$ cat structure_11.cif   # mmCIF, C-alpha atoms
data_run
loop_
_atom_site.group_PDB
_atom_site.id
_atom_site.type_symbol
_atom_site.label_atom_id
_atom_site.label_comp_id
_atom_site.auth_asym_id
_atom_site.auth_seq_id
_atom_site.Cartn_x
_atom_site.Cartn_y
_atom_site.Cartn_z
ATOM 1 C CA MET A 1108 -11.585 53.050 57.643
ATOM 2 C CA PRO A 1109 -9.898 55.862 59.639
ATOM 3 C CA PHE A 1110 -6.636 55.558 61.499
ATOM 4 C CA CYS A 1111 -6.920 54.752 65.193
ATOM 5 C CA SER A 1112 -4.094 55.556 67.582
ATOM 6 C CA SER A 1113 -3.174 54.872 71.187
ATOM 7 C CA SER A 1114 -0.275 56.091 73.352
ATOM 8 C CA GLU A 1115 1.115 55.088 76.738
ATOM 9 C CA ARG A 1116 4.192 55.899 78.807
ATOM 10 C CA LEU A 1117 6.298 52.715 78.912
ATOM 11 C CA MET A 1118 9.986 51.757 78.827
ATOM 12 C CA GLY A 1119 10.965 55.284 79.843
ATOM 13 C CA THR A 1120 9.388 56.836 76.754
ATOM 14 C CA THR A 1121 6.061 57.486 75.048
ATOM 15 C CA ILE A 1122 4.896 54.494 73.015
ATOM 16 C CA SER A 1123 2.354 55.087 70.264
ATOM 17 C CA ILE A 1124 0.709 52.740 67.780
ATOM 18 C CA SER A 1125 -1.474 53.855 64.874
ATOM 19 C CA LEU A 1126 -3.291 51.457 62.560
ATOM 20 C CA VAL A 1127 -6.178 50.919 60.175
ATOM 21 C CA HIS A 1128 -8.501 47.983 60.893
ATOM 22 C CA ASP A 1129 -12.201 47.425 61.536
ATOM 23 C CA ARG A 1130 -11.266 46.090 65.007
ATOM 24 C CA ALA A 1131 -8.671 48.781 65.649
ATOM 25 C CA ASP A 1132 -9.627 49.544 69.271
ATOM 26 C CA CYS A 1133 -9.445 45.889 70.278
ATOM 27 C CA LEU A 1134 -6.157 45.293 68.448
ATOM 28 C CA LEU A 1135 -4.570 48.355 70.024
ATOM 29 C CA ARG A 1136 -5.509 47.142 73.517
ATOM 30 C CA GLN A 1137 -4.110 43.685 72.808
ATOM 31 C CA ALA A 1138 -0.948 45.117 71.255
ATOM 32 C CA PHE A 1139 -0.286 47.197 74.384
ATOM 33 C CA ASP A 1140 -0.974 44.174 76.602
ATOM 34 C CA LEU A 1141 1.646 42.242 74.620
ATOM 35 C CA LEU A 1142 4.039 45.166 74.830
ATOM 36 C CA LYS A 1143 3.701 45.336 78.613
ATOM 37 C CA GLU A 1144 4.251 41.594 78.922
ATOM 38 C CA LEU A 1145 7.448 41.784 76.868
ATOM 39 C CA GLU A 1146 8.699 44.875 78.670
ATOM 40 C CA PHE A 1147 8.302 43.098 81.993
ATOM 41 C CA ARG A 1148 10.231 40.095 80.684
ATOM 42 C CA PHE A 1149 13.227 42.146 79.495
ATOM 43 C CA ASN A 1150 13.326 44.973 82.054
ATOM 44 C CA ALA A 1151 16.727 45.485 83.702
ATOM 45 C CA ASN A 1152 15.281 47.988 86.192
ATOM 46 C CA SER A 1153 12.397 45.954 87.630
ATOM 47 C CA ALA A 1154 13.177 43.790 90.635
ATOM 48 C CA GLU A 1155 10.542 41.264 89.561
ATOM 49 C CA SER A 1156 11.359 40.841 85.848
ATOM 50 C CA GLU A 1157 12.516 37.560 84.344
ATOM 51 C CA LEU A 1158 15.769 39.209 83.308
ATOM 52 C CA MET A 1159 16.498 40.336 86.871
ATOM 53 C CA GLU A 1160 16.130 36.782 88.149
ATOM 54 C CA ILE A 1161 19.105 35.872 85.953
ATOM 55 C CA ASN A 1162 21.080 38.797 87.372
ATOM 56 C CA TYR A 1163 20.180 37.993 90.994
ATOM 57 C CA LEU A 1164 21.381 34.419 90.549
ATOM 58 C CA ALA A 1165 24.628 35.332 88.769
ATOM 59 C CA GLY A 1166 27.404 33.056 89.999
ATOM 60 C CA ILE A 1167 24.864 30.962 91.909
ATOM 61 C CA ALA A 1168 22.523 29.020 89.622
ATOM 62 C CA PRO A 1169 21.145 28.887 86.047
ATOM 63 C CA VAL A 1170 17.631 30.209 85.380
ATOM 64 C CA LYS A 1171 15.043 28.697 83.071
ATOM 65 C CA VAL A 1172 13.558 31.512 80.998
ATOM 66 C CA HIS A 1173 10.810 32.138 78.465
ATOM 67 C CA PRO A 1174 11.878 31.266 74.878
ATOM 68 C CA ASP A 1175 11.609 34.953 73.872
ATOM 69 C CA LEU A 1176 14.074 36.002 76.555
ATOM 70 C CA PHE A 1177 16.423 33.144 75.711
ATOM 71 C CA GLU A 1178 16.308 34.087 72.012
ATOM 72 C CA LEU A 1179 17.106 37.721 72.756
ATOM 73 C CA ILE A 1180 20.005 36.863 75.086
ATOM 74 C CA GLU A 1181 21.388 34.402 72.533
ATOM 75 C CA LEU A 1182 21.213 37.074 69.841
ATOM 76 C CA GLY A 1183 22.793 39.635 72.143
ATOM 77 C CA LYS A 1184 25.648 37.320 73.086
ATOM 78 C CA PHE A 1185 26.401 36.608 69.427
ATOM 79 C CA HIS A 1186 26.655 40.296 68.559
ATOM 80 C CA SER A 1187 28.528 41.088 71.784
ATOM 81 C CA LEU A 1188 31.218 38.592 70.776
ATOM 82 C CA SER A 1189 31.374 39.701 67.142
ATOM 83 C CA GLU A 1190 34.646 41.258 66.025
ATOM 84 C CA ALA A 1191 35.022 44.981 66.814
ATOM 85 C CA SER A 1192 31.456 45.187 68.172
ATOM 86 C CA HIS A 1193 30.629 48.015 70.571
ATOM 87 C CA LEU A 1194 27.554 46.132 71.780
ATOM 88 C CA ASN A 1195 27.895 44.249 75.068
ATOM 89 C CA ILE A 1196 24.837 42.884 76.860
ATOM 90 C CA THR A 1197 26.883 42.253 80.037
ATOM 91 C CA ILE A 1198 27.442 46.003 80.471
ATOM 92 C CA GLY A 1199 24.742 46.054 83.162
ATOM 93 C CA PRO A 1200 27.114 46.705 86.107
ATOM 94 C CA LEU A 1201 28.400 49.858 84.396
ATOM 95 C CA VAL A 1202 24.916 51.046 83.411
ATOM 96 C CA GLN A 1203 23.778 50.616 87.006
ATOM 97 C CA THR A 1204 26.895 52.375 88.281
ATOM 98 C CA TRP A 1205 26.338 55.489 86.141
ATOM 99 C CA ARG A 1206 22.492 55.414 86.190
ATOM 100 C CA ILE A 1207 22.376 58.037 83.417
ATOM 101 C CA GLY A 1208 18.759 58.766 82.601
ATOM 102 C CA PHE A 1209 17.626 58.180 86.188
ATOM 103 C CA SER A 1210 17.229 60.628 89.066
ATOM 104 C CA ASP A 1211 20.178 59.103 90.962
ATOM 105 C CA ALA A 1212 22.696 59.399 88.097
ATOM 106 C CA HIS A 1213 26.214 60.289 89.217
ATOM 107 C CA LEU A 1214 29.856 60.271 88.092
ATOM 108 C CA PRO A 1215 31.437 57.016 89.330
ATOM 109 C CA SER A 1216 34.911 56.819 90.811
ATOM 110 C CA PRO A 1217 37.724 55.182 88.793
ATOM 111 C CA GLU A 1218 37.565 52.271 91.234
ATOM 112 C CA GLN A 1219 33.843 51.773 90.554
ATOM 113 C CA ILE A 1220 34.487 51.852 86.805
ATOM 114 C CA LYS A 1221 37.257 49.277 87.140
ATOM 115 C CA GLN A 1222 35.034 47.024 89.256
ATOM 116 C CA GLY A 1223 32.193 47.305 86.749
ATOM 117 C CA LEU A 1224 34.472 46.503 83.800
ATOM 118 C CA SER A 1225 35.645 43.318 85.531
ATOM 119 C CA LEU A 1226 32.073 41.986 85.296
ATOM 120 C CA THR A 1227 31.382 42.731 81.631
ATOM 121 C CA ASP A 1228 32.758 39.774 79.693
ATOM 122 C CA PRO A 1229 30.085 38.148 77.476
ATOM 123 C CA HIS A 1230 32.143 34.949 77.333
ATOM 124 C CA PHE A 1231 30.834 34.259 80.854
ATOM 125 C CA ILE A 1232 27.220 33.908 79.667
ATOM 126 C CA GLN A 1233 26.319 30.209 79.660
ATOM 127 C CA LEU A 1234 23.373 29.246 77.432
ATOM 128 C CA ASP A 1235 21.621 25.887 77.615
ATOM 129 C CA LYS A 1236 19.369 25.897 74.553
ATOM 130 C CA THR A 1237 17.920 22.447 75.227
ATOM 131 C CA HIS A 1238 16.457 23.527 78.555
ATOM 132 C CA SER A 1239 16.187 27.289 77.809
ATOM 133 C CA ARG A 1240 18.465 28.108 80.744
ATOM 134 C CA VAL A 1241 20.802 31.069 81.231
ATOM 135 C CA PHE A 1242 23.672 31.295 83.728
ATOM 136 C CA LEU A 1243 26.049 34.172 84.416
ATOM 137 C CA GLU A 1244 29.251 32.590 85.693
ATOM 138 C CA LYS A 1245 30.527 35.474 87.856
ATOM 139 C CA LYS A 1246 28.675 36.870 90.846
ATOM 140 C CA GLY A 1247 27.807 40.523 90.289
ATOM 141 C CA MET A 1248 27.344 40.168 86.535
ATOM 142 C CA LYS A 1249 24.246 41.860 85.117
ATOM 143 C CA LEU A 1250 22.653 41.521 81.713
ATOM 144 C CA ASP A 1251 21.230 44.701 80.191
ATOM 145 C CA LEU A 1252 19.193 44.219 77.024
ATOM 146 C CA GLY A 1253 18.453 47.913 76.573
ATOM 147 C CA ALA A 1254 20.335 47.947 73.262
ATOM 148 C CA LEU A 1255 18.115 45.169 71.860
ATOM 149 C CA ALA A 1256 14.795 44.928 73.628
ATOM 150 C CA LYS A 1257 12.866 47.790 71.991
ATOM 151 C CA GLY A 1258 13.591 46.461 68.527
ATOM 152 C CA TYR A 1259 12.697 42.912 69.468
ATOM 153 C CA ILE A 1260 9.438 44.091 71.055
ATOM 154 C CA ALA A 1261 8.565 46.236 68.017
ATOM 155 C CA ASP A 1262 9.077 43.231 65.732
ATOM 156 C CA LYS A 1263 6.808 41.105 67.929
ATOM 157 C CA ILE A 1264 4.089 43.772 67.864
ATOM 158 C CA LYS A 1265 4.365 43.977 64.077
ATOM 159 C CA LEU A 1266 4.061 40.186 63.708
ATOM 160 C CA TYR A 1267 1.002 40.167 65.966
ATOM 161 C CA LEU A 1268 -0.733 42.948 64.032
ATOM 162 C CA GLN A 1269 0.063 41.392 60.665
ATOM 163 C CA GLY A 1270 -1.337 38.096 61.941
ATOM 164 C CA GLU A 1271 -4.587 39.933 62.694
ATOM 165 C CA GLY A 1272 -4.758 41.275 59.146
ATOM 166 C CA VAL A 1273 -3.370 44.779 59.691
ATOM 167 C CA THR A 1274 -1.877 46.130 56.445
ATOM 168 C CA SER A 1275 -1.145 49.734 57.481
ATOM 169 C CA ALA A 1276 0.381 50.710 60.829
ATOM 170 C CA LEU A 1277 3.027 52.823 62.513
ATOM 171 C CA ILE A 1278 4.669 51.492 65.680
ATOM 172 C CA ASN A 1279 6.682 54.172 67.509
ATOM 173 C CA LEU A 1280 8.681 53.123 70.554
ATOM 174 C CA GLY A 1281 10.477 56.438 71.029
ATOM 175 C CA GLY A 1282 13.545 56.594 68.771
ATOM 176 C CA ASN A 1283 12.466 53.310 67.252
ATOM 177 C CA VAL A 1284 9.865 53.370 64.469
ATOM 178 C CA LEU A 1285 8.537 50.334 62.602
ATOM 179 C CA THR A 1286 6.043 50.473 59.738
ATOM 180 C CA ILE A 1287 3.534 48.070 58.209
ATOM 181 C CA GLY A 1288 2.665 48.811 54.592
ATOM 182 C CA GLU A 1289 2.105 52.371 53.457
ATOM 183 C CA ASN A 1290 0.294 55.229 55.147
ATOM 184 C CA LYS A 1291 -3.292 54.680 53.973
ATOM 185 C CA ALA A 1292 -4.257 58.188 55.028
ATOM 186 C CA THR A 1293 -1.923 59.645 52.402
ATOM 187 C CA HIS A 1294 -1.643 56.607 50.079
ATOM 188 C CA ARG A 1295 2.138 56.857 50.065
ATOM 189 C CA ALA A 1296 5.131 55.723 52.090
ATOM 190 C CA TRP A 1297 5.455 56.769 55.723
ATOM 191 C CA ARG A 1298 7.527 59.878 56.331
ATOM 192 C CA ILE A 1299 9.880 59.462 59.276
ATOM 193 C CA GLY A 1300 11.752 62.505 60.564
ATOM 194 C CA ILE A 1301 15.329 62.311 61.824
ATOM 195 C CA GLN A 1302 15.707 64.532 64.877
ATOM 196 C CA ASN A 1303 18.051 67.506 64.713
ATOM 197 C CA PRO A 1304 20.185 66.800 67.827
ATOM 198 C CA LYS A 1305 20.717 70.512 68.524
ATOM 199 C CA LEU A 1306 17.056 71.542 68.361
ATOM 200 C CA SER A 1307 13.903 70.756 70.335
ATOM 201 C CA ARG A 1308 11.990 67.511 69.850
ATOM 202 C CA GLY A 1309 10.206 67.379 66.500
ATOM 203 C CA LYS A 1310 12.715 69.577 64.648
ATOM 204 C CA HIS A 1311 14.064 67.394 61.851
ATOM 205 C CA LEU A 1312 17.229 67.598 59.784
ATOM 206 C CA ALA A 1313 16.134 64.877 57.344
ATOM 207 C CA VAL A 1314 12.984 62.965 56.407
ATOM 208 C CA LEU A 1315 12.946 59.357 55.219
ATOM 209 C CA SER A 1316 10.326 57.703 53.025
ATOM 210 C CA ILE A 1317 9.707 54.274 54.590
ATOM 211 C CA THR A 1318 7.477 51.282 53.768
ATOM 212 C CA ASN A 1319 7.595 47.983 55.682
ATOM 213 C CA GLN A 1320 10.869 48.931 57.336
ATOM 214 C CA SER A 1321 12.275 50.093 60.645
ATOM 215 C CA VAL A 1322 14.071 53.325 61.539
ATOM 216 C CA VAL A 1323 16.150 53.249 64.731
ATOM 217 C CA THR A 1324 18.169 56.219 65.983
ATOM 218 C CA SER A 1325 20.668 56.314 68.844
ATOM 219 C CA GLY A 1326 22.105 59.616 69.972
ATOM 220 C CA THR A 1327 24.316 61.166 72.615
ATOM 221 C CA TYR A 1328 21.713 63.928 73.155
ATOM 222 C CA GLU A 1329 18.983 61.595 74.459
ATOM 223 C CA ARG A 1330 20.071 61.000 78.056
ATOM 224 C CA THR A 1331 22.839 62.972 79.722
ATOM 225 C CA LEU A 1332 24.481 63.763 83.053
ATOM 226 C CA LYS A 1333 26.176 67.097 83.786
ATOM 227 C CA VAL A 1334 28.910 67.248 86.416
ATOM 228 C CA LYS A 1335 31.072 70.360 86.977
ATOM 229 C CA GLY A 1336 30.336 71.721 83.530
ATOM 230 C CA LYS A 1337 31.047 68.471 81.677
ATOM 231 C CA THR A 1338 28.272 66.510 79.960
ATOM 232 C CA TYR A 1339 28.262 62.703 79.948
ATOM 233 C CA HIS A 1340 25.921 60.751 77.664
ATOM 234 C CA HIS A 1341 24.463 57.285 78.224
ATOM 235 C CA ILE A 1342 26.222 55.327 75.446
ATOM 236 C CA LEU A 1343 29.088 53.659 77.284
ATOM 237 C CA ASP A 1344 32.368 52.396 75.845
ATOM 238 C CA ARG A 1345 32.662 48.698 76.648
ATOM 239 C CA LYS A 1346 36.475 49.031 76.894
ATOM 240 C CA THR A 1347 36.839 52.108 79.095
ATOM 241 C CA GLY A 1348 33.565 52.113 81.043
ATOM 242 C CA TYR A 1349 33.089 55.810 80.240
ATOM 243 C CA PRO A 1350 30.803 57.358 77.604
ATOM 244 C CA ILE A 1351 32.056 56.824 74.056
ATOM 245 C CA GLU A 1352 34.116 59.727 72.741
ATOM 246 C CA ASN A 1353 34.015 60.193 68.967
ATOM 247 C CA GLN A 1354 32.585 62.459 66.262
ATOM 248 C CA LEU A 1355 29.017 61.093 66.363
ATOM 249 C CA VAL A 1356 25.936 62.813 67.731
ATOM 250 C CA SER A 1357 23.465 60.338 66.270
ATOM 251 C CA LEU A 1358 23.369 57.192 64.172
ATOM 252 C CA THR A 1359 20.238 55.999 62.370
ATOM 253 C CA ILE A 1360 19.854 52.512 60.923
ATOM 254 C CA VAL A 1361 17.143 51.602 58.398
ATOM 255 C CA SER A 1362 16.423 47.865 58.245
ATOM 256 C CA ASP A 1363 13.639 45.358 57.672
ATOM 257 C CA LYS A 1364 13.661 44.172 61.299
ATOM 258 C CA SER A 1365 13.722 46.644 64.134
ATOM 259 C CA VAL A 1366 15.987 44.482 66.288
ATOM 260 C CA ASP A 1367 18.637 44.709 63.561
ATOM 261 C CA GLY A 1368 18.444 48.489 63.740
ATOM 262 C CA GLU A 1369 18.939 48.354 67.504
ATOM 263 C CA ILE A 1370 21.880 45.983 67.203
ATOM 264 C CA TRP A 1371 23.726 47.920 64.536
ATOM 265 C CA THR A 1372 23.274 51.381 66.037
ATOM 266 C CA THR A 1373 25.049 50.043 69.131
ATOM 267 C CA ARG A 1374 27.577 47.821 67.344
ATOM 268 C CA LEU A 1375 28.768 50.747 65.231
ATOM 269 C CA PHE A 1376 28.343 53.795 67.454
ATOM 270 C CA GLY A 1377 31.961 53.813 68.647
ATOM 271 C CA GLU A 1378 33.353 53.974 65.107
ATOM 272 C CA THR A 1379 34.279 56.892 62.836
ATOM 273 C CA PRO A 1380 31.818 57.890 60.089
ATOM 274 C CA ALA A 1381 34.106 56.391 57.450
ATOM 275 C CA SER A 1382 34.313 53.092 59.303
ATOM 276 C CA ILE A 1383 30.541 52.972 59.846
ATOM 277 C CA LEU A 1384 29.827 53.623 56.172
ATOM 278 C CA ALA A 1385 32.360 50.985 55.084
ATOM 279 C CA GLN A 1386 30.824 48.358 57.377
ATOM 280 C CA VAL A 1387 27.220 49.189 56.439
ATOM 281 C CA GLU A 1388 28.008 48.961 52.722
ATOM 282 C CA LYS A 1389 29.192 45.381 53.323
ATOM 283 C CA GLN A 1390 26.051 44.358 55.224
ATOM 284 C CA ARG A 1391 22.915 43.228 53.457
ATOM 285 C CA GLY A 1392 19.608 44.759 54.482
ATOM 286 C CA ILE A 1393 20.789 47.778 56.491
ATOM 287 C CA GLU A 1394 21.390 51.426 55.612
ATOM 288 C CA CYS A 1395 22.600 54.284 57.804
ATOM 289 C CA LEU A 1396 22.493 58.038 58.345
ATOM 290 C CA ILE A 1397 25.160 59.659 60.519
ATOM 291 C CA VAL A 1398 25.142 63.083 62.162
ATOM 292 C CA THR A 1399 28.425 64.412 63.567
ATOM 293 C CA ARG A 1400 29.169 67.019 66.208
ATOM 294 C CA ASP A 1401 30.276 69.498 63.538
ATOM 295 C CA ASP A 1402 26.860 69.186 61.809
ATOM 296 C CA HIS A 1403 27.944 66.985 58.922
ATOM 297 C CA ILE A 1404 25.531 64.342 57.606
ATOM 298 C CA PHE A 1405 26.688 61.120 55.991
ATOM 299 C CA TYR A 1406 24.541 58.320 54.589
ATOM 300 C CA SER A 1407 25.015 54.962 52.904
ATOM 301 C CA SER A 1408 24.468 54.588 49.164
ATOM 302 C CA GLY A 1409 21.288 52.523 49.514
ATOM 303 C CA LEU A 1410 19.574 55.250 51.545
ATOM 304 C CA VAL A 1411 19.533 57.812 48.730
ATOM 305 C CA LYS A 1412 16.168 56.545 47.455
ATOM 306 C CA ASN A 1413 14.593 57.056 50.898
ATOM 307 C CA LEU A 1414 15.720 60.639 51.490
ATOM 308 C CA LEU A 1415 13.146 63.360 50.896
ATOM 309 C CA GLN A 1416 14.210 66.891 50.071
#
$ encode --input "structure_11.cif" --output "structure tokens"
Amino acid sequence: MPFCSSSERLMGTTISISLVHDRADCLLRQAFDLLKELEFRFNANSAESELMEINYLAGIAPVKVHPDLFELIELGKFHSLSEASHLNITIGPLVQTWRIGFSDAHLPSPEQIKQGLSLTDPHFIQLDKTHSRVFLEKKGMKLDLGALAKGYIADKIKLYLQGEGVTSALINLGGNVLTIGENKATHRAWRIGIQNPKLSRGKHLAVLSITNQSVVTSGTYERTLKVKGKTYHHILDRKTGYPIENQLVSLTIVSDKSVDGEIWTTRLFGETPASILAQVEKQRGIECLIVTRDDHIFYSSGLVKNLLQ
């Protein structure tokens, strides 16, 4: 059976799914239908999404949500409150203030930054698991699941395809790649390129051999804003409200679940390479590859077997 592929523009990027199955065309259509349903549920930029209902009713009333959305918010709150985490799902007011990646992006005033920071405390997320209800205690708070949603969606797509008997597939959500089995076209592991941040798209500085795992990369080169000769990237520091300033250009996490890759690229992005490596070595089931501004590459010990020369 040949590989069948389909691509669509969703979630601000090009989504592509390739798989081998005798019902490939049907499964691809259904996978994209599921993807669109999940995107709508988690979208922080759609006025009609389930997530936005929570934000609209911040400080007013709790909102009953779909179990998937509740699960993702619960997971995001846990990692937002974890010690030394750079992830914060209540960073929505700052994201919407900067708007980096959108046509109306601009440099906020110090007063706007201060106002946004005052609304970014994850302790003020109330979760009622019994009734699947979410309440943001302070008016003006906004959840943004952008650091989690792609990975969660990719995992859901993988589960759906595996449930339909798919044993070989590549799910690419733009900077987030998840594999099922091996590449049956080549009868070996999938080869996933790590983008060279200083070169055009598709120019790789490393290639990973991956089977049944996820590769998630976050980088400061992906979405930027230039103002008076200074470049601002989209990865914001939860403490200052401004883009994170450190040595990193990109951080790649290899994990079994894509949502874990999303979580840890954000949790760790504000750290030094040494700190990231030390933390990753202590975690089970994740590996990392770091690229710094001075073109150095660092990787965790467990990733050596995946690196291709």
$ resolve_selection --input "structure_11.cif" --expression "the PyMOL selection byres ((chain A and resi 1334-1337) around 12)" --output "number ranges by chain"
A: 1207, 1212-1215, 1331-1333, 1338-1340, 1350
$ resolve_selection --input "structure_11.cif" --expression "the PyMOL selection byres ((chain A and resi 1364-1366) around 8)" --output "PyMOL selection string"
chain A and resi 1255-1259+1261-1262+1283-1285+1320-1323+1362-1363+1367-1370
$ residues_near_point --input "structure_11.cif" --point "(26.3, 52.0, 64.6)" --cutoff "12 Å" --atoms "all atoms listed in the file" --output "JSON, numbers by chain"
{"A": [1191, 1192, 1193, 1194, 1254, 1323, 1324, 1325, 1326, 1342, 1355, 1356, 1357, 1358, 1359, 1360, 1361, 1367, 1368, 1369, 1370, 1371, 1372, 1373, 1374, 1375, 1376, 1377, 1378, 1379, 1380, 1381, 1382, 1383, 1384, 1385, 1386, 1387, 1393, 1394, 1395, 1396, 1397, 1398, 1406]}
$ residues_around --input "structure_11.cif" --residues "Leu1224 (chain A)" --least-positions-apart "5" --cutoff "8 Å" --atoms "only C-alpha atoms" --output "PyMOL selection string"
chain A and resi 1198+1200-1201+1345-1348
$ closest_residue --input "structure_11.cif" --among "A:Val1273, A:Leu1306, A:Leu1164, A:Leu1117" --to "Asn1290 (chain A)" --atoms "only C-alpha atoms"
A:Val1273
$ resolve_selection --input "structure_11.cif" --expression "the PyMOL selection byres ((chain A and resi 1235) around 12)" --output "ChimeraX atom specification"
/A:1169-1172,1174,1177-1178,1180-1181,1232-1234,1236-1243
$ write_last_selection --input "structure_11.cif" --atoms "C-alpha atoms" --output "short mmCIF file (atom, residue, chain, number, x, y, z; two decimals), in the frame of the given file"
data_model
loop_
_atom_site.label_atom_id
_atom_site.label_comp_id
_atom_site.auth_asym_id
_atom_site.auth_seq_id
_atom_site.Cartn_x
_atom_site.Cartn_y
_atom_site.Cartn_z
CA PRO A 1169 21.14 28.89 86.05
CA VAL A 1170 17.63 30.21 85.38
CA LYS A 1171 15.04 28.70 83.07
CA VAL A 1172 13.56 31.51 81.00
CA PRO A 1174 11.88 31.27 74.88
CA PHE A 1177 16.42 33.14 75.71
CA GLU A 1178 16.31 34.09 72.01
CA ILE A 1180 20.00 36.86 75.09
CA GLU A 1181 21.39 34.40 72.53
CA ILE A 1232 27.22 33.91 79.67
CA GLN A 1233 26.32 30.21 79.66
CA LEU A 1234 23.37 29.25 77.43
CA LYS A 1236 19.37 25.90 74.55
CA THR A 1237 17.92 22.45 75.23
CA HIS A 1238 16.46 23.53 78.56
CA SER A 1239 16.19 27.29 77.81
CA ARG A 1240 18.46 28.11 80.74
CA VAL A 1241 20.80 31.07 81.23
CA PHE A 1242 23.67 31.30 83.73
CA LEU A 1243 26.05 34.17 84.42
#
$ decode --input "structure_11.cif" --residues "region 1289-1300 of chain A" --atoms "N, CA, C and O atoms" --output "compact mmCIF listing (two decimals), in the first residue's frame"
# COMPACT_ATOMS: atom_id res chain seq x y z
N GLU A 1289 7.31 2.80 12.00
CA GLU A 1289 8.41 3.22 11.15
C GLU A 1289 7.89 3.68 9.80
O GLU A 1289 6.70 3.53 9.49
N ASN A 1290 8.76 4.27 9.02
CA ASN A 1290 8.42 4.72 7.68
C ASN A 1290 8.39 3.50 6.76
O ASN A 1290 9.44 2.96 6.38
N LYS A 1291 7.21 3.04 6.38
CA LYS A 1291 7.11 1.82 5.58
C LYS A 1291 7.62 2.00 4.15
O LYS A 1291 7.89 1.02 3.45
N ALA A 1292 7.77 3.25 3.73
CA ALA A 1292 8.31 3.49 2.39
C ALA A 1292 9.80 3.17 2.34
O ALA A 1292 10.33 2.77 1.31
N THR A 1293 10.48 3.35 3.49
CA THR A 1293 11.92 3.12 3.54
C THR A 1293 12.27 1.92 4.42
O THR A 1293 13.43 1.50 4.44
N HIS A 1294 11.27 1.42 5.16
CA HIS A 1294 11.47 0.30 6.10
C HIS A 1294 12.52 0.61 7.15
O HIS A 1294 13.33 -0.24 7.52
N ARG A 1295 12.50 1.85 7.62
CA ARG A 1295 13.39 2.25 8.72
C ARG A 1295 12.71 3.37 9.50
O ARG A 1295 11.61 3.82 9.15
N ALA A 1296 13.37 3.82 10.54
CA ALA A 1296 12.82 4.89 11.37
C ALA A 1296 12.61 6.16 10.54
O ALA A 1296 13.26 6.36 9.50
N TRP A 1297 11.68 7.00 11.02
CA TRP A 1297 11.46 8.29 10.38
C TRP A 1297 12.68 9.19 10.60
O TRP A 1297 13.32 9.13 11.66
N ARG A 1298 12.98 10.01 9.64
CA ARG A 1298 14.08 10.96 9.76
C ARG A 1298 13.51 12.36 9.88
O ARG A 1298 12.88 12.86 8.93
N ILE A 1299 13.71 12.96 11.03
CA ILE A 1299 13.13 14.27 11.33
C ILE A 1299 14.24 15.31 11.40
O ILE A 1299 15.15 15.22 12.24
N GLY A 1300 14.18 16.31 10.53
CA GLY A 1300 15.20 17.35 10.51
C GLY A 1300 14.96 18.43 11.55
O GLY A 1300 13.82 18.81 11.81
